[in-house]
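Data file: input_16.pdb. Format and content: PDB, C-alpha atoms.
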MODEL        1
ATOM      1  CA  MET A  91      18.845 -16.332 -31.415  1.00  0.00           C
ATOM      2  CA  ILE A  92      20.958 -14.264 -29.017  1.00  0.00           C
ATOM      3  CA  THR A  93      24.492 -13.640 -30.276  1.00  0.00           C
ATOM      4  CA  ILE A  94      27.083 -12.941 -27.556  1.00  0.00           C
ATOM      5  CA  VAL A  95      30.417 -11.399 -28.530  1.00  0.00           C
ATOM      6  CA  ASP A  96      33.318 -13.542 -27.333  1.00  0.00           C
ATOM      7  CA  TYR A  97      36.443 -11.490 -26.739  1.00  0.00           C
ATOM      8  CA  ASP A  98      37.596 -13.128 -23.487  1.00  0.00           C
ATOM      9  CA  ALA A  99      35.162 -11.082 -21.390  1.00  0.00           C
ATOM     10  CA  GLY A 100      34.900 -12.206 -17.788  1.00  0.00           C
ATOM     11  CA  ASN A 101      31.115 -12.501 -17.489  1.00  0.00           C
ATOM     12  CA  LEU A 102      30.438 -14.123 -20.852  1.00  0.00           C
ATOM     13  CA  ARG A 103      29.459 -17.564 -19.541  1.00  0.00           C
ATOM     14  CA  SER A 104      27.137 -16.235 -16.829  1.00  0.00           C
ATOM     15  CA  VAL A 105      25.321 -14.149 -19.449  1.00  0.00           C
ATOM     16  CA  GLU A 106      25.060 -17.179 -21.728  1.00  0.00           C
ATOM     17  CA  LYS A 107      23.708 -19.340 -18.891  1.00  0.00           C
ATOM     18  CA  ALA A 108      21.087 -16.743 -17.985  1.00  0.00           C
ATOM     19  CA  PHE A 109      19.665 -16.652 -21.527  1.00  0.00           C
ATOM     20  CA  LEU A 110      19.733 -20.452 -21.752  1.00  0.00           C
ATOM     21  CA  TYR A 111      17.921 -20.653 -18.395  1.00  0.00           C
ATOM     22  CA  LEU A 112      15.214 -18.400 -19.858  1.00  0.00           C
ATOM     23  CA  GLY A 113      14.837 -20.783 -22.813  1.00  0.00           C
ATOM     24  CA  PHE A 114      16.492 -18.761 -25.567  1.00  0.00           C
ATOM     25  CA  GLN A 115      18.983 -20.038 -28.131  1.00  0.00           C
ATOM     26  CA  VAL A 116      22.457 -18.560 -27.801  1.00  0.00           C
ATOM     27  CA  CYS A 117      25.444 -18.253 -30.137  1.00  0.00           C
ATOM     28  CA  VAL A 118      28.752 -17.316 -28.501  1.00  0.00           C
ATOM     29  CA  THR A 119      31.162 -16.164 -31.194  1.00  0.00           C
ATOM     30  CA  SER A 120      34.182 -14.097 -32.123  1.00  0.00           C
ATOM     31  CA  ALA A 121      33.489 -14.478 -35.862  1.00  0.00           C
ATOM     32  CA  PRO A 122      32.829 -11.115 -37.542  1.00  0.00           C
ATOM     33  CA  GLU A 123      30.408 -12.629 -40.063  1.00  0.00           C
ATOM     34  CA  LYS A 124      28.249 -14.157 -37.314  1.00  0.00           C
ATOM     35  CA  ILE A 125      28.149 -10.862 -35.452  1.00  0.00           C
ATOM     36  CA  LEU A 126      27.088  -9.053 -38.642  1.00  0.00           C
ATOM     37  CA  SER A 127      24.195 -11.501 -39.101  1.00  0.00           C
ATOM     38  CA  ALA A 128      23.016 -11.291 -35.462  1.00  0.00           C
ATOM     39  CA  GLU A 129      19.309 -10.936 -34.736  1.00  0.00           C
ATOM     40  CA  LYS A 130      20.141  -9.629 -31.247  1.00  0.00           C
ATOM     41  CA  LEU A 131      23.651  -8.829 -30.039  1.00  0.00           C
ATOM     42  CA  VAL A 132      25.085  -8.788 -26.506  1.00  0.00           C
ATOM     43  CA  LEU A 133      28.459  -7.259 -25.623  1.00  0.00           C
ATOM     44  CA  PRO A 134      29.382  -8.446 -22.124  1.00  0.00           C
ATOM     45  CA  GLY A 135      32.525  -7.508 -20.242  1.00  0.00           C
ATOM     46  CA  VAL A 136      34.453  -7.428 -16.995  1.00  0.00           C
ATOM     47  CA  GLY A 137      37.997  -6.098 -16.733  1.00  0.00           C
ATOM     48  CA  SER A 138      40.198  -3.397 -18.225  1.00  0.00           C
ATOM     49  CA  PHE A 139      38.809  -0.980 -20.832  1.00  0.00           C
ATOM     50  CA  LYS A 140      42.088  -0.782 -22.771  1.00  0.00           C
ATOM     51  CA  ASP A 141      42.619  -4.549 -22.761  1.00  0.00           C
ATOM     52  CA  ALA A 142      39.063  -5.050 -24.011  1.00  0.00           C
ATOM     53  CA  MET A 143      39.494  -2.575 -26.865  1.00  0.00           C
ATOM     54  CA  ASP A 144      42.834  -4.167 -27.776  1.00  0.00           C
ATOM     55  CA  SER A 145      41.104  -7.548 -27.910  1.00  0.00           C
ATOM     56  CA  LEU A 146      38.209  -6.257 -30.047  1.00  0.00           C
ATOM     57  CA  ASN A 147      40.672  -4.619 -32.445  1.00  0.00           C
ATOM     58  CA  ARG A 148      42.843  -7.744 -32.625  1.00  0.00           C
ATOM     59  CA  LEU A 149      39.806  -9.880 -33.455  1.00  0.00           C
ATOM     60  CA  LYS A 150      38.593  -7.284 -36.001  1.00  0.00           C
ATOM     61  CA  LEU A 151      35.254  -6.957 -34.205  1.00  0.00           C
ATOM     62  CA  THR A 152      34.981  -3.183 -33.771  1.00  0.00           C
ATOM     63  CA  ASP A 153      33.500  -2.464 -37.205  1.00  0.00           C
ATOM     64  CA  PRO A 154      30.996  -5.378 -37.102  1.00  0.00           C
ATOM     65  CA  ILE A 155      29.791  -4.274 -33.645  1.00  0.00           C
ATOM     66  CA  ARG A 156      29.366  -0.673 -34.832  1.00  0.00           C
ATOM     67  CA  THR A 157      27.520  -1.825 -37.954  1.00  0.00           C
ATOM     68  CA  VAL A 158      25.061  -4.009 -36.048  1.00  0.00           C
ATOM     69  CA  ALA A 159      24.365  -1.359 -33.416  1.00  0.00           C
ATOM     70  CA  GLN A 160      23.770   1.287 -36.091  1.00  0.00           C
ATOM     71  CA  ASN A 161      21.468  -0.965 -38.146  1.00  0.00           C
ATOM     72  CA  GLY A 162      18.641  -1.203 -35.615  1.00  0.00           C
ATOM     73  CA  VAL A 163      19.491  -4.659 -34.258  1.00  0.00           C
ATOM     74  CA  PRO A 164      18.615  -4.950 -30.527  1.00  0.00           C
ATOM     75  CA  PHE A 165      21.938  -4.412 -28.760  1.00  0.00           C
ATOM     76  CA  LEU A 166      22.749  -4.962 -25.086  1.00  0.00           C
ATOM     77  CA  GLY A 167      26.036  -3.837 -23.537  1.00  0.00           C
ATOM     78  CA  ILE A 168      26.694  -5.027 -19.972  1.00  0.00           C
ATOM     79  CA  CYS A 169      29.178  -3.480 -17.492  1.00  0.00           C
ATOM     80  CA  LEU A 170      32.432  -3.013 -19.445  1.00  0.00           C
ATOM     81  CA  GLY A 171      30.362  -3.721 -22.556  1.00  0.00           C
ATOM     82  CA  MET A 172      28.409  -0.545 -21.747  1.00  0.00           C
ATOM     83  CA  GLN A 173      31.542   1.537 -21.246  1.00  0.00           C
ATOM     84  CA  LEU A 174      33.126   0.400 -24.515  1.00  0.00           C
ATOM     85  CA  MET A 175      30.309   2.057 -26.467  1.00  0.00           C
ATOM     86  CA  TYR A 176      31.500   5.523 -25.428  1.00  0.00           C
ATOM     87  CA  GLU A 177      34.246   7.789 -26.731  1.00  0.00           C
ATOM     88  CA  SER A 178      37.045   7.219 -24.242  1.00  0.00           C
ATOM     89  CA  SER A 179      37.971   6.056 -20.748  1.00  0.00           C
ATOM     90  CA  GLU A 180      40.235   7.362 -18.016  1.00  0.00           C
ATOM     91  CA  GLU A 181      41.202   3.716 -17.513  1.00  0.00           C
ATOM     92  CA  GLY A 182      44.326   3.488 -19.657  1.00  0.00           C
ATOM     93  CA  ASN A 183      43.403   6.693 -21.518  1.00  0.00           C
ATOM     94  CA  ALA A 184      41.917   4.485 -24.217  1.00  0.00           C
ATOM     95  CA  LYS A 185      39.529   5.259 -27.065  1.00  0.00           C
ATOM     96  CA  GLY A 186      36.220   3.396 -27.184  1.00  0.00           C
ATOM     97  CA  LEU A 187      33.806   2.476 -29.977  1.00  0.00           C
ATOM     98  CA  GLY A 188      32.374   5.996 -29.922  1.00  0.00           C
ATOM     99  CA  LEU A 189      28.777   5.070 -30.703  1.00  0.00           C
ATOM    100  CA  LEU A 190      27.497   7.248 -27.867  1.00  0.00           C
ATOM    101  CA  ALA A 191      28.738  10.623 -26.691  1.00  0.00           C
ATOM    102  CA  GLY A 192      30.383  10.567 -23.295  1.00  0.00           C
ATOM    103  CA  ASN A 193      33.379   9.365 -21.343  1.00  0.00           C
ATOM    104  CA  ILE A 194      34.254   6.824 -18.678  1.00  0.00           C
ATOM    105  CA  ARG A 195      35.513   8.232 -15.387  1.00  0.00           C
ATOM    106  CA  ARG A 196      36.874   6.725 -12.186  1.00  0.00           C
ATOM    107  CA  PHE A 197      34.905   7.114  -8.986  1.00  0.00           C
ATOM    108  CA  PRO A 198      36.418   9.955  -6.906  1.00  0.00           C
ATOM    109  CA  ASP A 199      38.736   8.750  -4.155  1.00  0.00           C
ATOM    110  CA  ASP A 200      37.319  11.253  -1.661  1.00  0.00           C
ATOM    111  CA  MET A 201      33.794   9.811  -1.477  1.00  0.00           C
ATOM    112  CA  GLY A 202      34.511   7.880   1.712  1.00  0.00           C
ATOM    113  CA  LEU A 203      33.205   4.736   0.010  1.00  0.00           C
ATOM    114  CA  LYS A 204      34.923   1.581  -1.152  1.00  0.00           C
ATOM    115  CA  ILE A 205      36.069   1.476  -4.759  1.00  0.00           C
ATOM    116  CA  PRO A 206      35.024  -0.578  -6.641  1.00  0.00           C
ATOM    117  CA  GLN A 207      31.353  -0.460  -5.876  1.00  0.00           C
ATOM    118  CA  ILE A 208      30.496  -4.126  -5.294  1.00  0.00           C
ATOM    119  CA  GLY A 209      27.032  -5.347  -4.416  1.00  0.00           C
ATOM    120  CA  TRP A 210      23.373  -4.474  -4.657  1.00  0.00           C
ATOM    121  CA  ASN A 211      22.054  -0.958  -5.161  1.00  0.00           C
ATOM    122  CA  SER A 212      18.750   0.505  -6.273  1.00  0.00           C
ATOM    123  CA  LEU A 213      18.099   2.156  -9.612  1.00  0.00           C
ATOM    124  CA  GLU A 214      16.705   5.673  -9.700  1.00  0.00           C
ATOM    125  CA  ILE A 215      14.613   5.447 -12.864  1.00  0.00           C
ATOM    126  CA  LEU A 216      14.335   8.685 -14.851  1.00  0.00           C
ATOM    127  CA  ARG A 217      12.353   7.562 -17.880  1.00  0.00           C
ATOM    128  CA  PRO A 218      10.633   4.459 -19.231  1.00  0.00           C
ATOM    129  CA  SER A 219      12.346   1.773 -21.263  1.00  0.00           C
ATOM    130  CA  PRO A 220      11.079  -1.476 -22.793  1.00  0.00           C
ATOM    131  CA  LEU A 221      13.821  -3.260 -20.871  1.00  0.00           C
ATOM    132  CA  LEU A 222      11.956  -2.339 -17.656  1.00  0.00           C
ATOM    133  CA  ALA A 223       8.593  -3.850 -18.624  1.00  0.00           C
ATOM    134  CA  GLY A 224       7.122  -5.742 -15.667  1.00  0.00           C
ATOM    135  CA  ILE A 225       9.733  -4.397 -13.221  1.00  0.00           C
ATOM    136  CA  ASP A 226       8.881  -2.414 -10.074  1.00  0.00           C
ATOM    137  CA  ASP A 227      10.079   1.141  -9.494  1.00  0.00           C
ATOM    138  CA  ASN A 228      13.558   1.513  -7.957  1.00  0.00           C
ATOM    139  CA  PRO A 229      14.582  -2.133  -8.385  1.00  0.00           C
ATOM    140  CA  PHE A 230      17.756  -3.479  -6.802  1.00  0.00           C
ATOM    141  CA  VAL A 231      20.477  -4.724  -9.137  1.00  0.00           C
ATOM    142  CA  TYR A 232      24.059  -5.968  -8.781  1.00  0.00           C
ATOM    143  CA  PHE A 233      27.133  -3.836  -9.494  1.00  0.00           C
ATOM    144  CA  VAL A 234      30.890  -4.420  -9.733  1.00  0.00           C
ATOM    145  CA  HIS A 235      32.750  -1.362 -11.071  1.00  0.00           C
ATOM    146  CA  SER A 236      35.396   1.259 -10.333  1.00  0.00           C
ATOM    147  CA  TYR A 237      34.625   3.383 -13.399  1.00  0.00           C
ATOM    148  CA  TYR A 238      31.310   4.857 -14.508  1.00  0.00           C
ATOM    149  CA  VAL A 239      29.691   6.396 -17.583  1.00  0.00           C
ATOM    150  CA  ASP A 240      29.419  10.173 -17.823  1.00  0.00           C
ATOM    151  CA  ALA A 241      26.947  10.441 -20.715  1.00  0.00           C
ATOM    152  CA  LYS A 242      26.797  13.694 -22.679  1.00  0.00           C
ATOM    153  CA  GLU A 243      23.274  13.034 -23.993  1.00  0.00           C
ATOM    154  CA  ALA A 244      21.033  13.424 -20.927  1.00  0.00           C
ATOM    155  CA  GLU A 245      18.001  12.210 -22.866  1.00  0.00           C
ATOM    156  CA  THR A 246      19.574   8.752 -23.225  1.00  0.00           C
ATOM    157  CA  VAL A 247      19.903   8.176 -19.460  1.00  0.00           C
ATOM    158  CA  VAL A 248      17.197   5.796 -18.231  1.00  0.00           C
ATOM    159  CA  ALA A 249      18.483   5.393 -14.664  1.00  0.00           C
ATOM    160  CA  THR A 250      21.159   6.439 -12.215  1.00  0.00           C
ATOM    161  CA  THR A 251      22.115   5.021  -8.850  1.00  0.00           C
ATOM    162  CA  HIS A 252      23.525   6.675  -5.739  1.00  0.00           C
ATOM    163  CA  TYR A 253      27.056   5.788  -4.733  1.00  0.00           C
ATOM    164  CA  GLY A 254      28.649   8.975  -3.478  1.00  0.00           C
ATOM    165  CA  ILE A 255      27.687  10.490  -6.840  1.00  0.00           C
ATOM    166  CA  HIS A 256      24.852   9.664  -9.255  1.00  0.00           C
ATOM    167  CA  PRO A 257      26.522   7.784 -12.131  1.00  0.00           C
ATOM    168  CA  HIS A 258      24.646   6.996 -15.320  1.00  0.00           C
ATOM    169  CA  VAL A 259      24.110   3.239 -15.002  1.00  0.00           C
ATOM    170  CA  PHE A 260      21.359   2.515 -17.535  1.00  0.00           C
ATOM    171  CA  VAL A 261      21.260   4.146 -20.957  1.00  0.00           C
ATOM    172  CA  GLN A 262      19.071   3.616 -23.989  1.00  0.00           C
ATOM    173  CA  LYS A 263      19.493   5.161 -27.403  1.00  0.00           C
ATOM    174  CA  GLY A 264      17.066   3.646 -29.871  1.00  0.00           C
ATOM    175  CA  ASN A 265      17.902  -0.051 -30.217  1.00  0.00           C
ATOM    176  CA  ILE A 266      20.978   0.254 -27.969  1.00  0.00           C
ATOM    177  CA  PHE A 267      20.538  -0.715 -24.305  1.00  0.00           C
ATOM    178  CA  LEU A 268      23.460  -0.317 -21.914  1.00  0.00           C
ATOM    179  CA  THR A 269      23.623  -1.373 -18.260  1.00  0.00           C
ATOM    180  CA  GLN A 270      26.514  -0.767 -15.870  1.00  0.00           C
ATOM    181  CA  PHE A 271      24.984  -3.338 -13.532  1.00  0.00           C
ATOM    182  CA  HIS A 272      24.862  -7.064 -14.252  1.00  0.00           C
ATOM    183  CA  PRO A 273      21.358  -8.282 -15.191  1.00  0.00           C
ATOM    184  CA  GLU A 274      22.662 -11.870 -15.219  1.00  0.00           C
ATOM    185  CA  LYS A 275      23.558 -11.495 -11.508  1.00  0.00           C
ATOM    186  CA  SER A 276      20.518  -9.443 -10.476  1.00  0.00           C
ATOM    187  CA  GLY A 277      18.049 -12.189  -9.593  1.00  0.00           C
ATOM    188  CA  GLU A 278      14.488 -12.122 -10.923  1.00  0.00           C
ATOM    189  CA  THR A 279      14.761  -8.427 -11.818  1.00  0.00           C
ATOM    190  CA  GLY A 280      17.746  -9.058 -14.060  1.00  0.00           C
ATOM    191  CA  LEU A 281      16.208 -12.138 -15.634  1.00  0.00           C
ATOM    192  CA  CYS A 282      13.113 -10.091 -16.472  1.00  0.00           C
ATOM    193  CA  MET A 283      15.308  -7.512 -18.210  1.00  0.00           C
ATOM    194  CA  LEU A 284      17.103 -10.201 -20.203  1.00  0.00           C
ATOM    195  CA  LYS A 285      13.787 -11.743 -21.208  1.00  0.00           C
ATOM    196  CA  ASN A 286      12.484  -8.332 -22.311  1.00  0.00           C
ATOM    197  CA  PHE A 287      15.591  -7.842 -24.424  1.00  0.00           C
ATOM    198  CA  ALA A 288      15.416 -11.312 -25.960  1.00  0.00           C
ATOM    199  CA  GLN A 289      11.848 -10.671 -27.086  1.00  0.00           C
ATOM    200  CA  MET A 290      12.608  -7.386 -28.870  1.00  0.00           C
ATOM    201  CA  HIS A 291      12.524  -6.930 -32.623  1.00  0.00           C
ATOM    202  CA  ARG A 292      14.817  -5.036 -34.954  1.00  0.00           C
ATOM    203  CA  GLU A 293      14.070  -1.372 -35.525  1.00  0.00           C
ATOM    204  CA  GLU A 294      13.326  -0.652 -39.165  1.00  0.00           C
TER
ENDMDL
END
Rewrite the structure from the file as structure tokens, please.
Amino acid sequence: MITIVDYDAGNLRSVEKAFLYLGFQVCVTSAPEKILSAEKLVLPGVGSFKDAMDSLNRLKLTDPIRTVAQNGVPFLGICLGMQLMYESSEEGNAKGLGLLAGNIRRFPDDMGLKIPQIGWNSLEILRPSPLLAGIDDNPFVYFVHSYYVDAKEAETVVATTHYGIHPHVFVQKGNIFLTQFHPEKSGETGLCMLKNFAQMHREE
């Protein structure tokens, strides 16, 4: 069973549909007790960092999410769901969940590129990850973001991409997998990643 956190995140239904398409059972919930009992947990998200944290706090979901992520349960954060796992964001000067060391920064305005980054871009893979099983080197995936992760723990960075700078767009720390791109919108490559995640087991 894949549990997806419901906190009015913009891409929730597309993530749900992708897992259902792959044949996995899905539970979409904002109930703390269901999140705490999750076998696999997905934190999706599109929108404002501060609004998302306000919503998670209002629904009393921050502690359950932290608990699950720290207890070895396979955890997938997508787009804003990735960013929320870090300490803080320049977007609204808001504090995040703080499970990983690093901050969220806005793309520089002087890159000569459109902000947000919208569309397909290739991953520059730095180290292996079980989420990449069966996927070719430098796969193309789909992005929509104006802010990016600046991770403090270099060893957690699985992949970057090139968009004026080299933002950290795929991070893994133990059972925690975080993607700035949208696997649910990344064609066969993204579906393969979601299938790999759905087949993972809890770390003991």
Q | Selection result of the PyMOL selection byres ((chain A and resi 212) around 6) on this file, as a ChimeraX atom specification | A | /A:211,213,228-230
(Q) Applying 7 Å and all atoms listed in the file, which residues near stretch 259-266 of chain A remain after dropping the ones on its own chain fewer than 2 positions away? List them as a VMD selection string. (A) chain A and resid 159 162 to 166 239 246 to 251 257 268 to 271 293
So that each row is one residue of stretch 158-211 of chain A with an atom at most 8 Å from stretch 126-144 of chain A, can you give its shortest atom pair and the distance in Å to one decimal, using all atoms listed in the file, rows by chain and rising number, as a Markdown table?
| residue | atom | partner | partner_atom | distance |
| --- | --- | --- | --- | --- |
| A:Val158 | CA | A:Leu126 | CA | 6.0 |
| A:Val163 | CA | A:Lys130 | CA | 5.8 |
| A:Pro164 | CA | A:Lys130 | CA | 5.0 |
| A:Phe165 | CA | A:Leu131 | CA | 4.9 |
| A:Leu166 | CA | A:Val132 | CA | 4.7 |
| A:Gly167 | CA | A:Leu133 | CA | 4.7 |
| A:Ile168 | CA | A:Pro134 | CA | 4.9 |
| A:Cys169 | CA | A:Gly135 | CA | 5.9 |
| A:Leu170 | CA | A:Gly135 | CA | 4.6 |
| A:Gly171 | CA | A:Pro134 | CA | 4.8 |
| A:Met172 | CA | A:Leu133 | CA | 7.8 |
| A:Gln173 | CA | A:Phe139 | CA | 7.7 |
| A:Leu174 | CA | A:Phe139 | CA | 6.9 |
| A:Ser179 | CA | A:Phe139 | CA | 7.1 |
| A:Glu181 | CA | A:Phe139 | CA | 6.2 |
| A:Gly182 | CA | A:Lys140 | CA | 5.7 |
| A:Asn183 | CA | A:Lys140 | CA | 7.7 |
| A:Ala184 | CA | A:Lys140 | CA | 5.5 |
| A:Lys185 | CA | A:Met143 | CA | 7.8 |
| A:Gly186 | CA | A:Met143 | CA | 6.8 |
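For stretch 201-205 of chain A, the residues within 8 Å (counting only C-alpha atoms, excluding itself and residues fewer than 3 positions away along the chain) are Phe197, Pro198, Ile208, His235, Ser236, Tyr253 and Gly254 of chain A.
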With a distance cut-off of 12 Å and only C-alpha atoms, select the neighbouring residues of A:Asp226, excluding the residue or stretch itself and same-chain residues fewer than 3 positions from it, and output the selection as a short mmCIF file (atom, residue, chain, number, x, y, z; two decimals) with C-alpha atoms, keeping the file's coordinate frame.
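Ended up saving to part18.cif:
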data_model
loop_
_atom_site.label_atom_id
_atom_site.label_comp_id
_atom_site.auth_asym_id
_atom_site.auth_seq_id
_atom_site.Cartn_x
_atom_site.Cartn_y
_atom_site.Cartn_z
CA SER A 212 18.75 0.50 -6.27
CA LEU A 213 18.10 2.16 -9.61
CA GLU A 214 16.70 5.67 -9.70
CA ILE A 215 14.61 5.45 -12.86
CA PRO A 218 10.63 4.46 -19.23
CA LEU A 221 13.82 -3.26 -20.87
CA LEU A 222 11.96 -2.34 -17.66
CA ALA A 223 8.59 -3.85 -18.62
CA PRO A 229 14.58 -2.13 -8.38
CA PHE A 230 17.76 -3.48 -6.80
CA VAL A 231 20.48 -4.72 -9.14
CA GLU A 278 14.49 -12.12 -10.92
CA THR A 279 14.76 -8.43 -11.82
CA GLY A 280 17.75 -9.06 -14.06
CA CYS A 282 13.11 -10.09 -16.47
CA MET A 283 15.31 -7.51 -18.21
#
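Taking atom CA of A:Glu274 and atom CA of A:Gly188 as endpoints, the distance between them is 25.1 Å.
Of note, atom CA of A:Gly100 and atom CA of A:Asn161 are spaced 26.9 Å apart.
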Q.
So, with all atoms listed in the file as the atoms that count, which of A:Asp227, A:Tyr97, A:Asp240, A:Val105 lies closest to A:Ile255?
A.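 Checking each of A:Asp227, A:Tyr97, A:Asp240, A:Val105 against A:Ile255, counting all atoms listed in the file, the winner is A:Asp240.
The two atoms in question, atom CA of A:Ser104 and atom CA of A:Gln289, are spaced 19.2 Å apart.
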Q. Mind listing as a ChimeraX atom specification all residues within 7 Å of (30.9, 13.2, -24.2), counting all atoms listed in the file?
A. /A:177,191-193,241-242
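Proximity of A:Gly209, A:Ser120, A:Ala244, A:Phe233 to A:Pro273, computed with only C-alpha atoms, is greatest for A:Phe233.
With all atoms listed in the file as the basis for measurement, A:Val95 is the residue among A:Leu216, A:Val95, A:Leu110, A:Leu284 that approaches A:Pro122 most closely.
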Q: Take the PyMOL selection byres ((chain A and resi 116) around 6), apply it to the structure above, and return the hits as a PyMOL selection string.
A: chain A and resi 91-93+115+117
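Using only C-alpha atoms for every distance, the candidate list A:Ile94, A:Ile155, A:Leu146, A:Ile194 yields A:Ile194 as the residue closest to A:Tyr237.
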Q.
Evaluated on this file, the PyMOL selection byres ((chain A and resi 189) around 6) picks out some residues - which ones are they, written as a ChimeraX atom specification?
A. /A:175-176,187-188,190
(Q) Calculated over all atoms listed in the file, which of the candidates A:Gln160, A:Thr119, A:Ser219, A:Ser178 has the smallest distance to A:Arg292? (A)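 Nearest to A:Arg292: A:Gln160.
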(Q) Report as JSON, numbers by chain all protein, DNA and RNA residues lying within 9 Å of A:Leu112, evaluated on only C-alpha atoms, omitting residues in the same chain fewer than 3 positions from it. (A) {"A": [107, 108, 109, 281, 284, 285]}
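Nearest-residue note for A:Gly277: choosing from A:Glu123, A:Gly113, A:Arg156, A:Ile225, the minimum distance belongs to A:Ile225, counting all atoms listed in the file.
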